[in-house]
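Trainee: Handing you a structure now.
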Amino acid sequence: MKIYNTLTKKIDEFIPNEEGKVTMYTCGPTVYNYAHIGNLRTYISEDILQKTLEYIGYDVNRCMNITDVGHLVSDGDEGEDKMAVASRREKKSALEIASFYTDAFMKDIEKLNIKKPAIISKATDNIDEYIKVIEKLINDGYAYVADGNVYFDTTKYKDYYKLSNRNPLEQQAAIRDDVEIDKAKKNVNDFGLWFTNSKFNDQELKWDSPWGVGYPGWHIECSCISLKYLGEKLDIHCGAVDAIFPHHTNEIAQSECFLGHKWCNYWVHMEFLNDKSGKMSKSKGEFLTLSLLEEKGYTPLEYRFFCLNSHYRNVLEFSYETMDSSKTAYHKLLNRIGSLKEEGTLDQEAISRYKDKFKEALKNDLNTALAITTLYDVLKDSSISDVTKLELIADFDKVLSLDLLKKDAEIDKDLEEYILKEIERRNEAKKNKDFALADQIRDELKTKGITLIDSREGTTYKVE
């Protein structure tokens, strides 16, 4: 297995700390709002990584946090806790907000066939762990108390910039507009471990600590949850590219200063999903959720298929045009697989050959597009029986998780529901004498392999 390692800036051979076993930590959601489809792309990629490791024979123990306190609206310890902002916005308690959006997130990943991590831990369930680690960091000289808050002293960790490769001079206030001055800090990049005297006074969730009543900083949460459940030596830590600095940079600093040795060997980061205006963000107003995508006629697995046709380290641009193309390709694939019969004999040589080809694509830095190409190669191979093809498709879908062998009746039901809605929309357009829209609907269906047939009795259809 080879994977791009942000720590070394190259594709490394993957060698776990313990033979045959992998510990994997993935940054979970901050549950103050729905996840947008850009967030979900990261979780799809992490799911593929876990399933690939399991497919090639590793026992994966994966842990994910749920951030329900401590994540400020700025990564630089500025502004309010995102949970407090959401609490005021929706006139609910922070814990009610967290519960609602955690449930929503879990429903989203279930729809996307994302395997739920074996360990899921809420930030609010680990307060004692944070206090224990922070106390040691203070005692060992890596952290200090100032103005009621506890900060990590980044100058005490000489490899602070090794993950991000940033220039320390560029981080100075007045050089970069996004760096603000916190006068309580000794250094501009020092970060909060515990807040008792925050920059706002209406924090709902607070706990007793040696430094007064307060709440943890965001960065300490992931380190402590990982250490608690996965141990002192972590194999893989995942997240989106925007977590490299400062979040993952801070995690490494505090974890390695606490432990006194290297913490995590492989850092795997997933690129953004952009729309035409740039990076998808919840701060833009309306943002694309999985539910909104469903309302517009797309299924979660059509979106998963869309994501898997691009490499996880490539920026992927979202548009409805590209989603339409992906939807069409996905349903043609399902229909093609659905036409296979349980006939013929199993060709074990072909099964072994194609499994190796599929495995090699994934072992090469998770090349999911090439893995899907291998699936198409199987379907095109006239030298192997249908039953051999079905065996391979079932095997590949352990990783792809696209419901490739979904029952024909279920596929037809979904497709029929979509077509009938479009026919109804076209009939309404014709009734309103909007013949341009009626023709547009007919033509769009035609591009998806669906031909409308008009008669005196009404409109029927044929799927190619």
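Residues in the structure tokens are numbered from 1 in each chain, the chains being A, B, ... in the order shown, and ligands are numbered from 1 in the order shown.
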Please identify all polymer residues within 12 Å of Ile441 of chain A, counting only C-alpha atoms, omitting same-chain residues fewer than 6 positions from it, and present them as a list in words.

Mentor: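 Within the cut-off, the hits are Ile419, Leu420, Lys421, Glu422, Ile423, Glu424, Arg425, Arg426, Asn427, Glu428, Ala429, Lys430, Asp434, Phe435, Thr447, Lys448, Ile450, Thr451 and Leu452 of chain A.
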
Trainee: I'd like the neighbourhood of Ala143 of chain A as a ChimeraX atom specification, where a residue qualifies if any of its atoms comes within 12 Å (using only C-alpha atoms), though same-chain residues fewer than 4 positions away should be ignored.

Mentor: /A:133-139,149-157,185-187,190-194,253-254,257-258

Trainee: Tell me which of A:Leu7, A:Ala243, A:Leu112, A:Leu392 sits closest to Ser352 of chain A, counting only C-alpha atoms.

Mentor: A:Leu392

Trainee: What's around Asp208 of chain A at 12 Å? Count only C-alpha atoms, leave out sequence neighbours fewer than 4 positions away in its own chain, and write the answer as a ChimeraX atom specification.

Mentor: /A:127-128,130-131,194-196,212-216

Trainee: Could you turn the residues from that selection into a file that holds N, CA and C atoms, as a PDB file, in the first residue's frame?

Mentor:
ATOM      1  N   ILE A 127     -13.577  15.583  29.138  1.00  0.00           N
ATOM      2  CA  ILE A 127     -13.018  16.746  29.835  1.00  0.00           C
ATOM      3  C   ILE A 127     -11.841  16.353  30.734  1.00  0.00           C
ATOM      4  N   ASP A 128     -11.970  15.255  31.457  1.00  0.00           N
ATOM      5  CA  ASP A 128     -10.882  14.830  32.357  1.00  0.00           C
ATOM      6  C   ASP A 128      -9.593  14.546  31.589  1.00  0.00           C
ATOM      7  N   TYR A 130      -8.574  16.028  28.809  1.00  0.00           N
ATOM      8  CA  TYR A 130      -7.952  17.307  28.424  1.00  0.00           C
ATOM      9  C   TYR A 130      -7.187  17.896  29.618  1.00  0.00           C
ATOM     10  N   ILE A 131      -7.829  17.881  30.769  1.00  0.00           N
ATOM     11  CA  ILE A 131      -7.211  18.479  31.960  1.00  0.00           C
ATOM     12  C   ILE A 131      -5.908  17.757  32.302  1.00  0.00           C
ATOM     13  N   TRP A 194      -7.170  25.759  27.037  1.00  0.00           N
ATOM     14  CA  TRP A 194      -8.326  25.876  27.938  1.00  0.00           C
ATOM     15  C   TRP A 194      -8.656  27.349  28.109  1.00  0.00           C
ATOM     16  N   PHE A 195      -9.940  27.680  28.045  1.00  0.00           N
ATOM     17  CA  PHE A 195     -10.394  29.069  28.187  1.00  0.00           C
ATOM     18  C   PHE A 195     -11.225  29.224  29.464  1.00  0.00           C
ATOM     19  N   THR A 196     -10.809  30.134  30.322  1.00  0.00           N
ATOM     20  CA  THR A 196     -11.657  30.512  31.456  1.00  0.00           C
ATOM     21  C   THR A 196     -12.075  31.973  31.321  1.00  0.00           C
ATOM     22  N   GLY A 212      -9.804  27.331  36.739  1.00  0.00           N
ATOM     23  CA  GLY A 212     -11.085  28.004  36.866  1.00  0.00           C
ATOM     24  C   GLY A 212     -12.135  27.345  35.986  1.00  0.00           C
ATOM     25  N   VAL A 213     -13.361  27.837  36.090  1.00  0.00           N
ATOM     26  CA  VAL A 213     -14.458  27.280  35.295  1.00  0.00           C
ATOM     27  C   VAL A 213     -14.282  27.727  33.845  1.00  0.00           C
ATOM     28  N   GLY A 214     -14.307  26.775  32.938  1.00  0.00           N
ATOM     29  CA  GLY A 214     -14.104  27.112  31.530  1.00  0.00           C
ATOM     30  C   GLY A 214     -14.386  25.938  30.618  1.00  0.00           C
ATOM     31  N   TYR A 215     -13.750  25.937  29.443  1.00  0.00           N
ATOM     32  CA  TYR A 215     -14.011  24.912  28.428  1.00  0.00           C
ATOM     33  C   TYR A 215     -12.747  24.705  27.600  1.00  0.00           C
ATOM     34  N   PRO A 216     -12.620  23.555  26.948  1.00  0.00           N
ATOM     35  CA  PRO A 216     -11.382  23.254  26.214  1.00  0.00           C
ATOM     36  C   PRO A 216     -11.290  23.986  24.883  1.00  0.00           C
TER      37      PRO A 216
END

Trainee: What does the structure give for the distance between atom CA of Ser121 of chain A and atom CA of Glu54 of chain A, in Å to one decimal?

Mentor: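 The value is 22.2 Å.
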
Trainee: Would you mind reading off the distance between atom CA of Thr368 of chain A and atom CA of Tyr43 of chain A, one decimal, in Å?

Mentor: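 Taking atom CA of Thr368 of chain A and atom CA of Tyr43 of chain A, their separation equals 14.5 Å.
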
Trainee: Give me, as a ChimeraX atom specification, all polymer residues having an atom no more than 8 Å from segment 55-61 of chain A, counting only C-alpha atoms and skipping those fewer than 2 positions away in the same chain.

Mentor: /A:20-24,50-53,63,117-119,230,359,398-399

Trainee: Considering only C-alpha atoms, state which residue in the set A:Ile252, A:Val31, A:Ile48, A:Val73 is at the smallest distance from Asp103 of chain A.

Mentor: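 Once distances to Asp103 of chain A are computed over only C-alpha atoms, the minimum belongs to A:Val31.
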
Trainee: Tell me, as a tab-separated table (two decimals) with N, CA and C atoms, in the first residue's frame, which residues lie within 9 Å of Gly449 of chain A, counting only C-alpha atoms; anything in the same chain fewer than 6 positions away does not count.

Mentor:
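Dumped everything to around.tsv:
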chain	number	residue	atom	x	y	z
A	328	THR	N	-26.21	9.89	-15.00
A	328	THR	CA	-26.46	9.08	-16.19
A	328	THR	C	-25.51	7.89	-16.25
A	332	LYS	N	-26.51	3.91	-16.05
A	332	LYS	CA	-26.16	3.01	-17.16
A	332	LYS	C	-25.34	1.84	-16.64
A	462	LYS	N	-39.28	4.60	-22.80
A	462	LYS	CA	-38.44	3.43	-23.05
A	462	LYS	C	-37.03	3.76	-22.57
A	463	VAL	N	-36.43	2.86	-21.78
A	463	VAL	CA	-35.06	3.04	-21.29
A	463	VAL	C	-34.12	2.23	-22.18
A	464	GLU	N	-33.13	2.91	-22.72
A	464	GLU	CA	-32.16	2.22	-23.60
A	464	GLU	C	-31.21	1.36	-22.79

Trainee: Can you tell me how far atom CA of Leu273 of chain A sits from atom CA of Arg41 of chain A, in Å to one decimal?

Mentor: 7.1 Å
